[in-house]
$ cat coords_0.cif   # mmCIF, N, CA and C atoms
data_upload
loop_
_atom_site.label_atom_id
_atom_site.label_comp_id
_atom_site.auth_asym_id
_atom_site.auth_seq_id
_atom_site.Cartn_x
_atom_site.Cartn_y
_atom_site.Cartn_z
N MET A 1 2.61 -15.15 -7.03
CA MET A 1 3.64 -14.14 -7.02
C MET A 1 4.92 -14.76 -7.56
N GLN A 2 5.48 -14.12 -8.56
CA GLN A 2 6.75 -14.56 -9.12
C GLN A 2 7.89 -13.82 -8.45
N ILE A 3 8.98 -14.53 -8.22
CA ILE A 3 10.19 -13.93 -7.64
C ILE A 3 11.32 -14.12 -8.65
N GLN A 4 11.98 -13.02 -8.99
CA GLN A 4 13.12 -13.07 -9.91
C GLN A 4 14.31 -12.44 -9.22
N VAL A 5 15.42 -13.18 -9.15
CA VAL A 5 16.62 -12.68 -8.48
C VAL A 5 17.71 -12.47 -9.53
N ASN A 6 18.26 -11.27 -9.55
CA ASN A 6 19.38 -10.92 -10.43
C ASN A 6 20.56 -10.58 -9.54
N ALA A 7 21.69 -11.23 -9.78
CA ALA A 7 22.87 -10.97 -8.97
C ALA A 7 24.05 -10.60 -9.86
N SER A 8 24.79 -9.58 -9.47
CA SER A 8 25.96 -9.16 -10.23
C SER A 8 27.17 -9.96 -9.76
N ASN A 9 28.29 -9.69 -10.38
CA ASN A 9 29.54 -10.31 -9.95
C ASN A 9 29.82 -9.88 -8.52
N GLY A 10 30.44 -10.74 -7.77
CA GLY A 10 30.73 -10.42 -6.37
C GLY A 10 29.69 -10.98 -5.43
N ILE A 11 28.61 -11.53 -5.96
CA ILE A 11 27.58 -12.15 -5.13
C ILE A 11 27.77 -13.66 -5.25
N GLU A 12 28.02 -14.30 -4.11
CA GLU A 12 28.29 -15.72 -4.13
C GLU A 12 27.02 -16.55 -3.88
N ASN A 13 27.05 -17.81 -4.32
CA ASN A 13 25.95 -18.77 -4.11
C ASN A 13 24.62 -18.28 -4.66
N LYS A 14 24.57 -17.97 -5.93
CA LYS A 14 23.36 -17.42 -6.54
C LYS A 14 22.17 -18.37 -6.44
N ASP A 15 22.38 -19.67 -6.62
CA ASP A 15 21.28 -20.64 -6.53
C ASP A 15 20.70 -20.68 -5.13
N ALA A 16 21.56 -20.74 -4.14
CA ALA A 16 21.09 -20.75 -2.75
C ALA A 16 20.39 -19.43 -2.42
N LEU A 17 20.93 -18.33 -2.93
CA LEU A 17 20.31 -17.02 -2.71
C LEU A 17 18.90 -16.98 -3.30
N GLU A 18 18.72 -17.52 -4.49
CA GLU A 18 17.40 -17.53 -5.12
C GLU A 18 16.38 -18.31 -4.30
N ARG A 19 16.76 -19.48 -3.81
CA ARG A 19 15.84 -20.29 -3.00
C ARG A 19 15.50 -19.59 -1.70
N TRP A 20 16.51 -19.04 -1.05
CA TRP A 20 16.30 -18.36 0.23
C TRP A 20 15.46 -17.10 0.04
N ALA A 21 15.76 -16.33 -1.01
CA ALA A 21 15.02 -15.09 -1.28
C ALA A 21 13.55 -15.39 -1.57
N ASP A 22 13.30 -16.43 -2.33
CA ASP A 22 11.92 -16.82 -2.64
C ASP A 22 11.13 -17.08 -1.36
N THR A 23 11.70 -17.85 -0.45
CA THR A 23 11.04 -18.18 0.82
C THR A 23 10.82 -16.93 1.67
N GLU A 24 11.85 -16.11 1.80
CA GLU A 24 11.76 -14.91 2.63
C GLU A 24 10.72 -13.91 2.09
N ILE A 25 10.75 -13.68 0.80
CA ILE A 25 9.84 -12.69 0.20
C ILE A 25 8.40 -13.16 0.30
N LYS A 26 8.16 -14.42 -0.03
CA LYS A 26 6.79 -14.94 0.05
C LYS A 26 6.28 -14.93 1.48
N GLY A 27 7.16 -15.18 2.43
CA GLY A 27 6.76 -15.13 3.84
C GLY A 27 6.42 -13.72 4.30
N MET A 28 7.25 -12.76 3.91
CA MET A 28 7.07 -11.37 4.34
C MET A 28 5.89 -10.70 3.65
N LEU A 29 5.66 -11.04 2.39
CA LEU A 29 4.59 -10.39 1.62
C LEU A 29 3.37 -11.30 1.43
N ALA A 30 3.22 -12.30 2.28
CA ALA A 30 2.14 -13.29 2.12
C ALA A 30 0.75 -12.66 2.08
N ARG A 31 0.53 -11.64 2.87
CA ARG A 31 -0.82 -11.05 2.90
C ARG A 31 -1.14 -10.21 1.67
N PHE A 32 -0.14 -10.00 0.82
CA PHE A 32 -0.35 -9.22 -0.40
C PHE A 32 -0.33 -10.09 -1.65
N LEU A 33 -0.57 -11.39 -1.52
CA LEU A 33 -0.49 -12.31 -2.67
C LEU A 33 -1.42 -11.90 -3.80
N GLU A 34 -2.56 -11.33 -3.50
CA GLU A 34 -3.51 -10.93 -4.52
C GLU A 34 -3.06 -9.66 -5.25
N GLU A 35 -2.34 -8.78 -4.55
CA GLU A 35 -1.99 -7.49 -5.12
C GLU A 35 -0.61 -7.46 -5.78
N VAL A 36 0.34 -8.25 -5.27
CA VAL A 36 1.70 -8.24 -5.80
C VAL A 36 1.85 -9.38 -6.81
N THR A 37 2.13 -9.04 -8.06
CA THR A 37 2.24 -10.07 -9.09
C THR A 37 3.67 -10.58 -9.24
N ARG A 38 4.65 -9.71 -9.04
CA ARG A 38 6.04 -10.11 -9.21
C ARG A 38 6.95 -9.24 -8.36
N VAL A 39 8.03 -9.84 -7.86
CA VAL A 39 9.06 -9.10 -7.13
C VAL A 39 10.39 -9.40 -7.82
N GLU A 40 11.09 -8.34 -8.20
CA GLU A 40 12.42 -8.47 -8.78
C GLU A 40 13.45 -8.02 -7.76
N VAL A 41 14.47 -8.84 -7.57
CA VAL A 41 15.54 -8.55 -6.61
C VAL A 41 16.82 -8.36 -7.40
N HIS A 42 17.51 -7.26 -7.14
CA HIS A 42 18.79 -6.98 -7.79
C HIS A 42 19.84 -6.85 -6.69
N MET A 43 20.74 -7.83 -6.64
CA MET A 43 21.83 -7.81 -5.66
C MET A 43 23.11 -7.42 -6.38
N SER A 44 23.85 -6.49 -5.78
CA SER A 44 25.12 -6.12 -6.37
C SER A 44 26.18 -6.07 -5.29
N GLY A 45 27.40 -6.32 -5.71
CA GLY A 45 28.52 -6.40 -4.77
C GLY A 45 28.95 -5.05 -4.26
N GLU A 46 29.79 -4.40 -5.00
CA GLU A 46 30.36 -3.14 -4.55
C GLU A 46 29.53 -1.98 -5.08
N THR A 47 29.38 -0.97 -4.27
CA THR A 47 28.72 0.25 -4.73
C THR A 47 29.81 1.25 -5.05
N PRO A 48 30.15 1.42 -6.32
CA PRO A 48 31.27 2.27 -6.70
C PRO A 48 31.08 3.72 -6.27
N GLY A 49 32.16 4.31 -5.82
CA GLY A 49 32.13 5.72 -5.46
C GLY A 49 31.52 6.00 -4.10
N LYS A 50 31.15 4.96 -3.38
CA LYS A 50 30.53 5.18 -2.08
C LYS A 50 31.54 4.91 -0.99
N SER A 51 31.65 5.82 -0.07
CA SER A 51 32.55 5.59 1.05
C SER A 51 31.72 5.06 2.21
N GLY A 52 32.35 4.33 3.10
CA GLY A 52 31.64 3.77 4.23
C GLY A 52 31.59 2.26 4.14
N GLY A 53 30.79 1.66 5.02
CA GLY A 53 30.76 0.21 5.14
C GLY A 53 29.77 -0.49 4.25
N GLY A 54 28.91 0.21 3.54
CA GLY A 54 27.88 -0.45 2.75
C GLY A 54 28.38 -0.87 1.39
N ASP A 55 28.98 -2.06 1.31
CA ASP A 55 29.51 -2.47 0.02
C ASP A 55 28.60 -3.48 -0.69
N LYS A 56 27.46 -3.82 -0.12
CA LYS A 56 26.47 -4.66 -0.78
C LYS A 56 25.19 -3.83 -0.93
N ARG A 57 24.56 -3.97 -2.08
CA ARG A 57 23.33 -3.22 -2.34
C ARG A 57 22.25 -4.19 -2.81
N CYS A 58 21.06 -4.00 -2.28
CA CYS A 58 19.91 -4.79 -2.72
C CYS A 58 18.80 -3.82 -3.10
N THR A 59 18.29 -3.98 -4.31
CA THR A 59 17.15 -3.21 -4.77
C THR A 59 16.03 -4.18 -5.08
N MET A 60 14.85 -3.92 -4.56
CA MET A 60 13.69 -4.76 -4.81
C MET A 60 12.59 -3.93 -5.43
N GLU A 61 11.96 -4.51 -6.44
CA GLU A 61 10.84 -3.85 -7.10
C GLU A 61 9.65 -4.78 -7.06
N ALA A 62 8.53 -4.29 -6.55
CA ALA A 62 7.29 -5.07 -6.50
C ALA A 62 6.35 -4.55 -7.57
N ARG A 63 5.86 -5.45 -8.39
CA ARG A 63 4.87 -5.10 -9.40
C ARG A 63 3.50 -5.33 -8.80
N LEU A 64 2.72 -4.26 -8.73
CA LEU A 64 1.38 -4.34 -8.16
C LEU A 64 0.36 -4.48 -9.28
N ALA A 65 -0.63 -5.33 -9.06
CA ALA A 65 -1.66 -5.54 -10.07
C ALA A 65 -2.42 -4.24 -10.31
N HIS A 66 -2.48 -3.81 -11.55
CA HIS A 66 -3.23 -2.64 -11.99
C HIS A 66 -2.70 -1.32 -11.43
N HIS A 67 -1.45 -1.30 -10.97
CA HIS A 67 -0.86 -0.07 -10.41
C HIS A 67 0.60 0.00 -10.81
N GLN A 68 1.20 1.14 -10.56
CA GLN A 68 2.62 1.34 -10.85
C GLN A 68 3.47 0.50 -9.89
N PRO A 69 4.62 0.01 -10.34
CA PRO A 69 5.51 -0.73 -9.44
C PRO A 69 6.13 0.19 -8.39
N VAL A 70 6.54 -0.40 -7.28
CA VAL A 70 7.23 0.34 -6.21
C VAL A 70 8.58 -0.33 -5.98
N ALA A 71 9.58 0.44 -5.57
CA ALA A 71 10.92 -0.10 -5.37
C ALA A 71 11.55 0.44 -4.10
N ALA A 72 12.43 -0.38 -3.52
CA ALA A 72 13.17 0.00 -2.31
C ALA A 72 14.62 -0.48 -2.46
N THR A 73 15.55 0.30 -1.92
CA THR A 73 16.97 -0.03 -1.99
C THR A 73 17.58 0.06 -0.60
N HIS A 74 18.53 -0.85 -0.32
CA HIS A 74 19.23 -0.81 0.97
C HIS A 74 20.69 -1.19 0.75
N ASP A 75 21.59 -0.41 1.33
CA ASP A 75 23.03 -0.68 1.30
C ASP A 75 23.45 -1.16 2.68
N ALA A 76 24.31 -2.18 2.72
CA ALA A 76 24.77 -2.72 4.00
C ALA A 76 26.12 -3.42 3.80
N PRO A 77 26.81 -3.72 4.90
CA PRO A 77 28.10 -4.39 4.80
C PRO A 77 27.99 -5.84 4.33
N SER A 78 26.84 -6.49 4.57
CA SER A 78 26.70 -7.89 4.16
C SER A 78 25.51 -8.06 3.23
N GLN A 79 25.55 -9.14 2.47
CA GLN A 79 24.48 -9.47 1.54
C GLN A 79 23.17 -9.69 2.29
N ASP A 80 23.23 -10.39 3.41
CA ASP A 80 22.05 -10.68 4.22
C ASP A 80 21.39 -9.41 4.74
N GLU A 81 22.20 -8.51 5.29
CA GLU A 81 21.67 -7.25 5.82
C GLU A 81 21.06 -6.39 4.72
N ALA A 82 21.70 -6.34 3.56
CA ALA A 82 21.19 -5.56 2.44
C ALA A 82 19.84 -6.12 1.99
N PHE A 83 19.73 -7.44 1.89
CA PHE A 83 18.49 -8.08 1.47
C PHE A 83 17.37 -7.81 2.48
N ARG A 84 17.65 -8.08 3.76
CA ARG A 84 16.61 -7.90 4.79
C ARG A 84 16.18 -6.44 4.92
N GLY A 85 17.12 -5.52 4.79
CA GLY A 85 16.78 -4.10 4.85
C GLY A 85 15.89 -3.67 3.70
N ALA A 86 16.22 -4.13 2.49
CA ALA A 86 15.41 -3.79 1.32
C ALA A 86 14.03 -4.43 1.41
N LEU A 87 13.96 -5.65 1.92
CA LEU A 87 12.67 -6.33 2.04
C LEU A 87 11.77 -5.63 3.07
N ALA A 88 12.34 -5.20 4.17
CA ALA A 88 11.56 -4.48 5.18
C ALA A 88 11.03 -3.16 4.61
N LYS A 89 11.88 -2.45 3.89
CA LYS A 89 11.46 -1.19 3.26
C LYS A 89 10.37 -1.44 2.21
N LEU A 90 10.54 -2.51 1.42
CA LEU A 90 9.56 -2.82 0.38
C LEU A 90 8.21 -3.18 1.01
N LYS A 91 8.23 -3.94 2.09
CA LYS A 91 6.97 -4.30 2.75
C LYS A 91 6.23 -3.04 3.22
N ARG A 92 6.95 -2.13 3.87
CA ARG A 92 6.31 -0.89 4.33
C ARG A 92 5.77 -0.07 3.16
N LEU A 93 6.53 -0.04 2.07
CA LEU A 93 6.12 0.71 0.89
C LEU A 93 4.87 0.12 0.25
N VAL A 94 4.82 -1.21 0.16
CA VAL A 94 3.63 -1.88 -0.40
C VAL A 94 2.43 -1.64 0.51
N GLU A 95 2.62 -1.77 1.82
CA GLU A 95 1.52 -1.51 2.77
C GLU A 95 0.99 -0.10 2.60
N HIS A 96 1.89 0.86 2.57
CA HIS A 96 1.50 2.27 2.46
C HIS A 96 0.80 2.54 1.13
N THR A 97 1.34 2.02 0.05
CA THR A 97 0.77 2.27 -1.28
C THR A 97 -0.62 1.67 -1.38
N LEU A 98 -0.78 0.42 -0.94
CA LEU A 98 -2.09 -0.23 -1.03
C LEU A 98 -3.10 0.41 -0.09
N ALA A 99 -2.66 0.84 1.09
CA ALA A 99 -3.57 1.52 2.02
C ALA A 99 -4.04 2.84 1.42
N ARG A 100 -3.14 3.55 0.77
CA ARG A 100 -3.50 4.81 0.15
C ARG A 100 -4.50 4.58 -0.99
N ILE A 101 -4.26 3.55 -1.78
CA ILE A 101 -5.17 3.23 -2.88
C ILE A 101 -6.54 2.83 -2.33
N GLU A 102 -6.55 1.97 -1.32
CA GLU A 102 -7.83 1.55 -0.73
C GLU A 102 -8.55 2.73 -0.08
N GLY A 103 -7.80 3.60 0.57
CA GLY A 103 -8.41 4.78 1.19
C GLY A 103 -9.05 5.68 0.17
N ARG A 104 -8.46 5.75 -0.99
CA ARG A 104 -9.00 6.56 -2.07
C ARG A 104 -10.31 5.97 -2.57
N ARG A 105 -10.40 4.64 -2.60
CA ARG A 105 -11.62 3.98 -3.08
C ARG A 105 -12.76 4.10 -2.08
N ASP A 106 -12.44 4.02 -0.78
CA ASP A 106 -13.47 3.99 0.25
C ASP A 106 -13.98 5.37 0.65
N ARG A 107 -13.29 6.40 0.27
CA ARG A 107 -13.63 7.74 0.70
C ARG A 107 -14.87 8.26 -0.03
N ASP A 108 -15.73 8.95 0.70
CA ASP A 108 -16.89 9.59 0.07
C ASP A 108 -16.41 10.79 -0.73
N SER A 109 -17.12 11.07 -1.77
CA SER A 109 -16.78 12.22 -2.60
C SER A 109 -17.22 13.50 -1.91
N ILE A 110 -16.45 14.54 -2.07
CA ILE A 110 -16.84 15.84 -1.52
C ILE A 110 -17.84 16.52 -2.43
N ARG A 111 -18.06 15.95 -3.59
CA ARG A 111 -18.96 16.54 -4.57
C ARG A 111 -20.35 15.91 -4.58
N LYS A 112 -20.68 15.15 -3.55
CA LYS A 112 -22.00 14.53 -3.53
C LYS A 112 -23.06 15.58 -3.23
N ASP A 113 -24.27 15.26 -3.64
CA ASP A 113 -25.37 16.21 -3.46
C ASP A 113 -25.68 16.40 -1.98
N VAL A 114 -25.78 17.63 -1.60
CA VAL A 114 -26.11 17.97 -0.22
C VAL A 114 -27.35 18.85 -0.25
N ASP A 115 -28.35 18.46 0.52
CA ASP A 115 -29.55 19.27 0.60
C ASP A 115 -29.29 20.49 1.48
N ILE A 116 -29.43 21.64 0.89
CA ILE A 116 -29.20 22.88 1.62
C ILE A 116 -30.56 23.56 1.79
N ALA A 117 -30.91 23.77 3.04
CA ALA A 117 -32.20 24.41 3.33
C ALA A 117 -32.05 25.92 3.13
N PRO A 118 -33.03 26.52 2.40
CA PRO A 118 -32.96 27.97 2.20
C PRO A 118 -33.20 28.70 3.52
N GLU A 119 -32.56 29.82 3.70
CA GLU A 119 -32.70 30.57 4.95
C GLU A 119 -33.85 31.50 4.91
#
$ encode --input "coords_0.cif" --output "structure tokens"
Amino acid sequence: MQIQVNASNGIENKDALERWADTEIKGMLARFLEEVTRVEVHMSGETPGKSGGGDKRCTMEARLAHHQPVAATHDAPSQDEAFRGALAKLKRLVEHTLARIEGRRDRDSIRKDVDIAPE
């Protein structure tokens, strides 16, 4: 699994953030190593035009092998909270998406041949 971190202006300690993000993401998504090929993290400082306390935004996109990517976004007052919120949302989204895909594969077809006895 590749981890790519993109940070805009207003995000401090980009190198430390990259190392920490790599460890956190791999730990949280460890059971999906076969399915998730890459995770892109986009950290931004201020969310223009937004009122309230959420001035940090984190968007994460997970690329799934042989499937469409999924993304989650979280706004929070701190960089740490924004990251952890987006990661938790992304984990749930990956779990749900893969479970839905697996459920689709394991399900019997409704169009299978059924022997109907004549009345």
$ closest_residue --input "coords_0.cif" --among "A:Glu18, A:Glu102, A:Glu61, A:Asp55" --to "Val41 in chain A" --atoms "only N, CA and C atoms"
A:Glu61
$ resolve_selection --input "coords_0.cif" --expression "the PyMOL selection byres ((chain A and resi 5) around 6.5)" --output "compact mmCIF listing (two decimals) with N, CA and C atoms, in the frame of the given file"
# COMPACT_ATOMS: atom_id res chain seq x y z
N ILE A 3 8.98 -14.53 -8.22
CA ILE A 3 10.19 -13.93 -7.64
C ILE A 3 11.32 -14.12 -8.65
N GLN A 4 11.98 -13.02 -8.99
CA GLN A 4 13.12 -13.07 -9.91
C GLN A 4 14.31 -12.44 -9.22
N ASN A 6 18.26 -11.27 -9.55
CA ASN A 6 19.38 -10.92 -10.43
C ASN A 6 20.56 -10.58 -9.54
N ALA A 7 21.69 -11.23 -9.78
CA ALA A 7 22.87 -10.97 -8.97
C ALA A 7 24.05 -10.60 -9.86
N GLU A 18 18.72 -17.52 -4.49
CA GLU A 18 17.40 -17.53 -5.12
C GLU A 18 16.38 -18.31 -4.30
N VAL A 39 8.03 -9.84 -7.86
CA VAL A 39 9.06 -9.10 -7.13
C VAL A 39 10.39 -9.40 -7.82
N GLU A 40 11.09 -8.34 -8.20
CA GLU A 40 12.42 -8.47 -8.78
C GLU A 40 13.45 -8.02 -7.76
N VAL A 41 14.47 -8.84 -7.57
CA VAL A 41 15.54 -8.55 -6.61
C VAL A 41 16.82 -8.36 -7.40
N HIS A 42 17.51 -7.26 -7.14
CA HIS A 42 18.79 -6.98 -7.79
C HIS A 42 19.84 -6.85 -6.69
N MET A 43 20.74 -7.83 -6.64
CA MET A 43 21.83 -7.81 -5.66
C MET A 43 23.11 -7.42 -6.38
$ closest_residue --input "coords_0.cif" --among "A:Arg57, A:Leu33, A:His66, A:Leu98" --to "Ser78 in chain A" --atoms "all atoms listed in the file"
A:Arg57
$ resolve_selection --input "coords_0.cif" --expression "the PyMOL selection byres ((chain A and resi 79) around 8)" --output "PyMOL selection string"
chain A and resi 11+43-44+55-58+76-78+80-85
$ select_by_dssp --input "coords_0.cif" --residues "range 12-101 of chain A" --states "strand (DSSP E)" --output "list in words"
Val36, Thr37, Arg38, Val39, Glu40, Val41, His42, Met43, Ser44, Lys56, Arg57, Cys58, Thr59, Met60, Glu61, Ala62, Arg63, Leu64, Val70, Ala71, Ala72, Thr73, His74, Asp75 and Ala76 of chain A
$ closest_residue --input "coords_0.cif" --among "A:Arg38, A:Ala71, A:Met28, A:Gly45" --to "Asn9 in chain A" --atoms "only N, CA and C atoms"
A:Gly45
$ resolve_selection --input "coords_0.cif" --expression "the PyMOL selection byres (((chain A and resi 91 and name CA) around 12) and name CA)" --output "PyMOL selection string"
chain A and resi 24-32+36+39+60-62+70-73+84-90+92-98
$ closest_residue --input "coords_0.cif" --among "A:Met1, A:Ile101, A:Ala21, A:Ala16" --to "Gln68 in chain A" --atoms "only C-alpha atoms"
A:Ile101
$ atom_distance --input "coords_0.cif" --atom1 "CA of Asp15 in chain A" --atom2 "CA of Pro69 in chain A"
25.6 Å
$ atom_distance --input "coords_0.cif" --atom1 "atom C of Ala99 in chain A" --atom2 "atom N of His74 in chain A"
22.9 Å
$ atom_distance --input "coords_0.cif" --atom1 "CA of Trp20 in chain A" --atom2 "CA of Gln2 in chain A"
13.9 Å
$ axis_aligned_box --input "coords_0.cif" --around "range 58-68 of chain A" --padding-each-side "4 Å" --output "AutoDock Vina command-line options"
--center_x 8.9 --center_y -2.1 --center_z -7.1 --size_x 32.3 --size_y 14.9 --size_z 17.7
$ select_by_dssp --input "coords_0.cif" --residues "range 44-102 of chain A" --states "alpha helix (DSSP H)" --output "ChimeraX atom specification"
/A:79-102
$ write_last_selection --input "coords_0.cif" --atoms "N, CA and C atoms" --output "CSV table (one decimal), in the coordinates of the input"
chain,number,residue,atom,x,y,z
A,79,GLN,N,25.6,-9.1,2.5
A,79,GLN,CA,24.5,-9.5,1.5
A,79,GLN,C,23.2,-9.7,2.3
A,80,ASP,N,23.2,-10.4,3.4
A,80,ASP,CA,22.0,-10.7,4.2
A,80,ASP,C,21.4,-9.4,4.7
A,81,GLU,N,22.2,-8.5,5.3
A,81,GLU,CA,21.7,-7.2,5.8
A,81,GLU,C,21.1,-6.4,4.7
A,82,ALA,N,21.7,-6.3,3.6
A,82,ALA,CA,21.2,-5.6,2.4
A,82,ALA,C,19.8,-6.1,2.0
A,83,PHE,N,19.7,-7.4,1.9
A,83,PHE,CA,18.5,-8.1,1.5
A,83,PHE,C,17.4,-7.8,2.5
A,84,ARG,N,17.6,-8.1,3.8
A,84,ARG,CA,16.6,-7.9,4.8
A,84,ARG,C,16.2,-6.4,4.9
A,85,GLY,N,17.1,-5.5,4.8
A,85,GLY,CA,16.8,-4.1,4.8
A,85,GLY,C,15.9,-3.7,3.7
A,86,ALA,N,16.2,-4.1,2.5
A,86,ALA,CA,15.4,-3.8,1.3
A,86,ALA,C,14.0,-4.4,1.4
A,87,LEU,N,14.0,-5.6,1.9
A,87,LEU,CA,12.7,-6.3,2.0
A,87,LEU,C,11.8,-5.6,3.1
A,88,ALA,N,12.3,-5.2,4.2
A,88,ALA,CA,11.6,-4.5,5.2
A,88,ALA,C,11.0,-3.2,4.6
A,89,LYS,N,11.9,-2.4,3.9
A,89,LYS,CA,11.5,-1.2,3.3
A,89,LYS,C,10.4,-1.4,2.2
A,90,LEU,N,10.5,-2.5,1.4
A,90,LEU,CA,9.6,-2.8,0.4
A,90,LEU,C,8.2,-3.2,1.0
A,91,LYS,N,8.2,-3.9,2.1
A,91,LYS,CA,7.0,-4.3,2.8
A,91,LYS,C,6.2,-3.0,3.2
A,92,ARG,N,7.0,-2.1,3.9
A,92,ARG,CA,6.3,-0.9,4.3
A,92,ARG,C,5.8,-0.1,3.2
A,93,LEU,N,6.5,0.0,2.1
A,93,LEU,CA,6.1,0.7,0.9
A,93,LEU,C,4.9,0.1,0.2
A,94,VAL,N,4.8,-1.2,0.2
A,94,VAL,CA,3.6,-1.9,-0.4
A,94,VAL,C,2.4,-1.6,0.5
A,95,GLU,N,2.6,-1.8,1.8
A,95,GLU,CA,1.5,-1.5,2.8
A,95,GLU,C,1.0,-0.1,2.6
A,96,HIS,N,1.9,0.9,2.6
A,96,HIS,CA,1.5,2.3,2.5
A,96,HIS,C,0.8,2.5,1.1
A,97,THR,N,1.3,2.0,0.0
A,97,THR,CA,0.8,2.3,-1.3
A,97,THR,C,-0.6,1.7,-1.4
A,98,LEU,N,-0.8,0.4,-0.9
A,98,LEU,CA,-2.1,-0.2,-1.0
A,98,LEU,C,-3.1,0.4,-0.1
A,99,ALA,N,-2.7,0.8,1.1
A,99,ALA,CA,-3.6,1.5,2.0
A,99,ALA,C,-4.0,2.8,1.4
A,100,ARG,N,-3.1,3.6,0.8
A,100,ARG,CA,-3.5,4.8,0.2
A,100,ARG,C,-4.5,4.6,-1.0
A,101,ILE,N,-4.3,3.6,-1.8
A,101,ILE,CA,-5.2,3.2,-2.9
A,101,ILE,C,-6.5,2.8,-2.3
A,102,GLU,N,-6.6,2.0,-1.3
A,102,GLU,CA,-7.8,1.6,-0.7
A,102,GLU,C,-8.6,2.7,-0.1
$ build_atoms --input "coords_0.cif" --residues "range 34-48 of chain A" --atoms "N, CA, C and O atoms" --output "mmCIF file, in the coordinates of the input"
data_model
loop_
_atom_site.group_PDB
_atom_site.id
_atom_site.type_symbol
_atom_site.label_atom_id
_atom_site.label_comp_id
_atom_site.auth_asym_id
_atom_site.auth_seq_id
_atom_site.Cartn_x
_atom_site.Cartn_y
_atom_site.Cartn_z
ATOM 1 N N GLU A 34 -2.560 -11.330 -3.500
ATOM 2 C CA GLU A 34 -3.510 -10.930 -4.520
ATOM 3 C C GLU A 34 -3.060 -9.660 -5.250
ATOM 4 O O GLU A 34 -3.370 -9.482 -6.414
ATOM 5 N N GLU A 35 -2.340 -8.780 -4.550
ATOM 6 C CA GLU A 35 -1.990 -7.490 -5.120
ATOM 7 C C GLU A 35 -0.610 -7.460 -5.780
ATOM 8 O O GLU A 35 -0.397 -6.720 -6.723
ATOM 9 N N VAL A 36 0.340 -8.250 -5.270
ATOM 10 C CA VAL A 36 1.700 -8.240 -5.800
ATOM 11 C C VAL A 36 1.850 -9.380 -6.810
ATOM 12 O O VAL A 36 1.693 -10.549 -6.453
ATOM 13 N N THR A 37 2.130 -9.040 -8.060
ATOM 14 C CA THR A 37 2.240 -10.070 -9.090
ATOM 15 C C THR A 37 3.670 -10.580 -9.240
ATOM 16 O O THR A 37 3.877 -11.755 -9.532
ATOM 17 N N ARG A 38 4.650 -9.710 -9.040
ATOM 18 C CA ARG A 38 6.040 -10.110 -9.210
ATOM 19 C C ARG A 38 6.950 -9.240 -8.360
ATOM 20 O O ARG A 38 6.690 -8.052 -8.191
ATOM 21 N N VAL A 39 8.030 -9.840 -7.860
ATOM 22 C CA VAL A 39 9.060 -9.100 -7.130
ATOM 23 C C VAL A 39 10.390 -9.400 -7.820
ATOM 24 O O VAL A 39 10.746 -10.554 -8.031
ATOM 25 N N GLU A 40 11.090 -8.340 -8.200
ATOM 26 C CA GLU A 40 12.420 -8.470 -8.780
ATOM 27 C C GLU A 40 13.450 -8.020 -7.760
ATOM 28 O O GLU A 40 13.297 -6.961 -7.155
ATOM 29 N N VAL A 41 14.470 -8.840 -7.570
ATOM 30 C CA VAL A 41 15.540 -8.550 -6.610
ATOM 31 C C VAL A 41 16.820 -8.360 -7.400
ATOM 32 O O VAL A 41 17.169 -9.184 -8.235
ATOM 33 N N HIS A 42 17.510 -7.260 -7.140
ATOM 34 C CA HIS A 42 18.790 -6.980 -7.790
ATOM 35 C C HIS A 42 19.840 -6.850 -6.690
ATOM 36 O O HIS A 42 19.818 -5.893 -5.918
ATOM 37 N N MET A 43 20.740 -7.830 -6.640
ATOM 38 C CA MET A 43 21.830 -7.810 -5.660
ATOM 39 C C MET A 43 23.110 -7.420 -6.380
ATOM 40 O O MET A 43 23.399 -7.932 -7.460
ATOM 41 N N SER A 44 23.850 -6.490 -5.780
ATOM 42 C CA SER A 44 25.120 -6.120 -6.370
ATOM 43 C C SER A 44 26.180 -6.070 -5.290
ATOM 44 O O SER A 44 25.878 -5.822 -4.123
ATOM 45 N N GLY A 45 27.400 -6.320 -5.710
ATOM 46 C CA GLY A 45 28.520 -6.400 -4.770
ATOM 47 C C GLY A 45 28.950 -5.050 -4.260
ATOM 48 O O GLY A 45 28.497 -4.557 -3.254
ATOM 49 N N GLU A 46 29.790 -4.400 -5.000
ATOM 50 C CA GLU A 46 30.360 -3.140 -4.550
ATOM 51 C C GLU A 46 29.530 -1.980 -5.080
ATOM 52 O O GLU A 46 29.052 -2.019 -6.194
ATOM 53 N N THR A 47 29.380 -0.970 -4.270
ATOM 54 C CA THR A 47 28.720 0.250 -4.730
ATOM 55 C C THR A 47 29.810 1.250 -5.050
ATOM 56 O O THR A 47 30.394 1.845 -4.151
ATOM 57 N N PRO A 48 30.150 1.420 -6.320
ATOM 58 C CA PRO A 48 31.270 2.270 -6.700
ATOM 59 C C PRO A 48 31.080 3.720 -6.270
ATOM 60 O O PRO A 48 29.975 4.249 -6.328
#
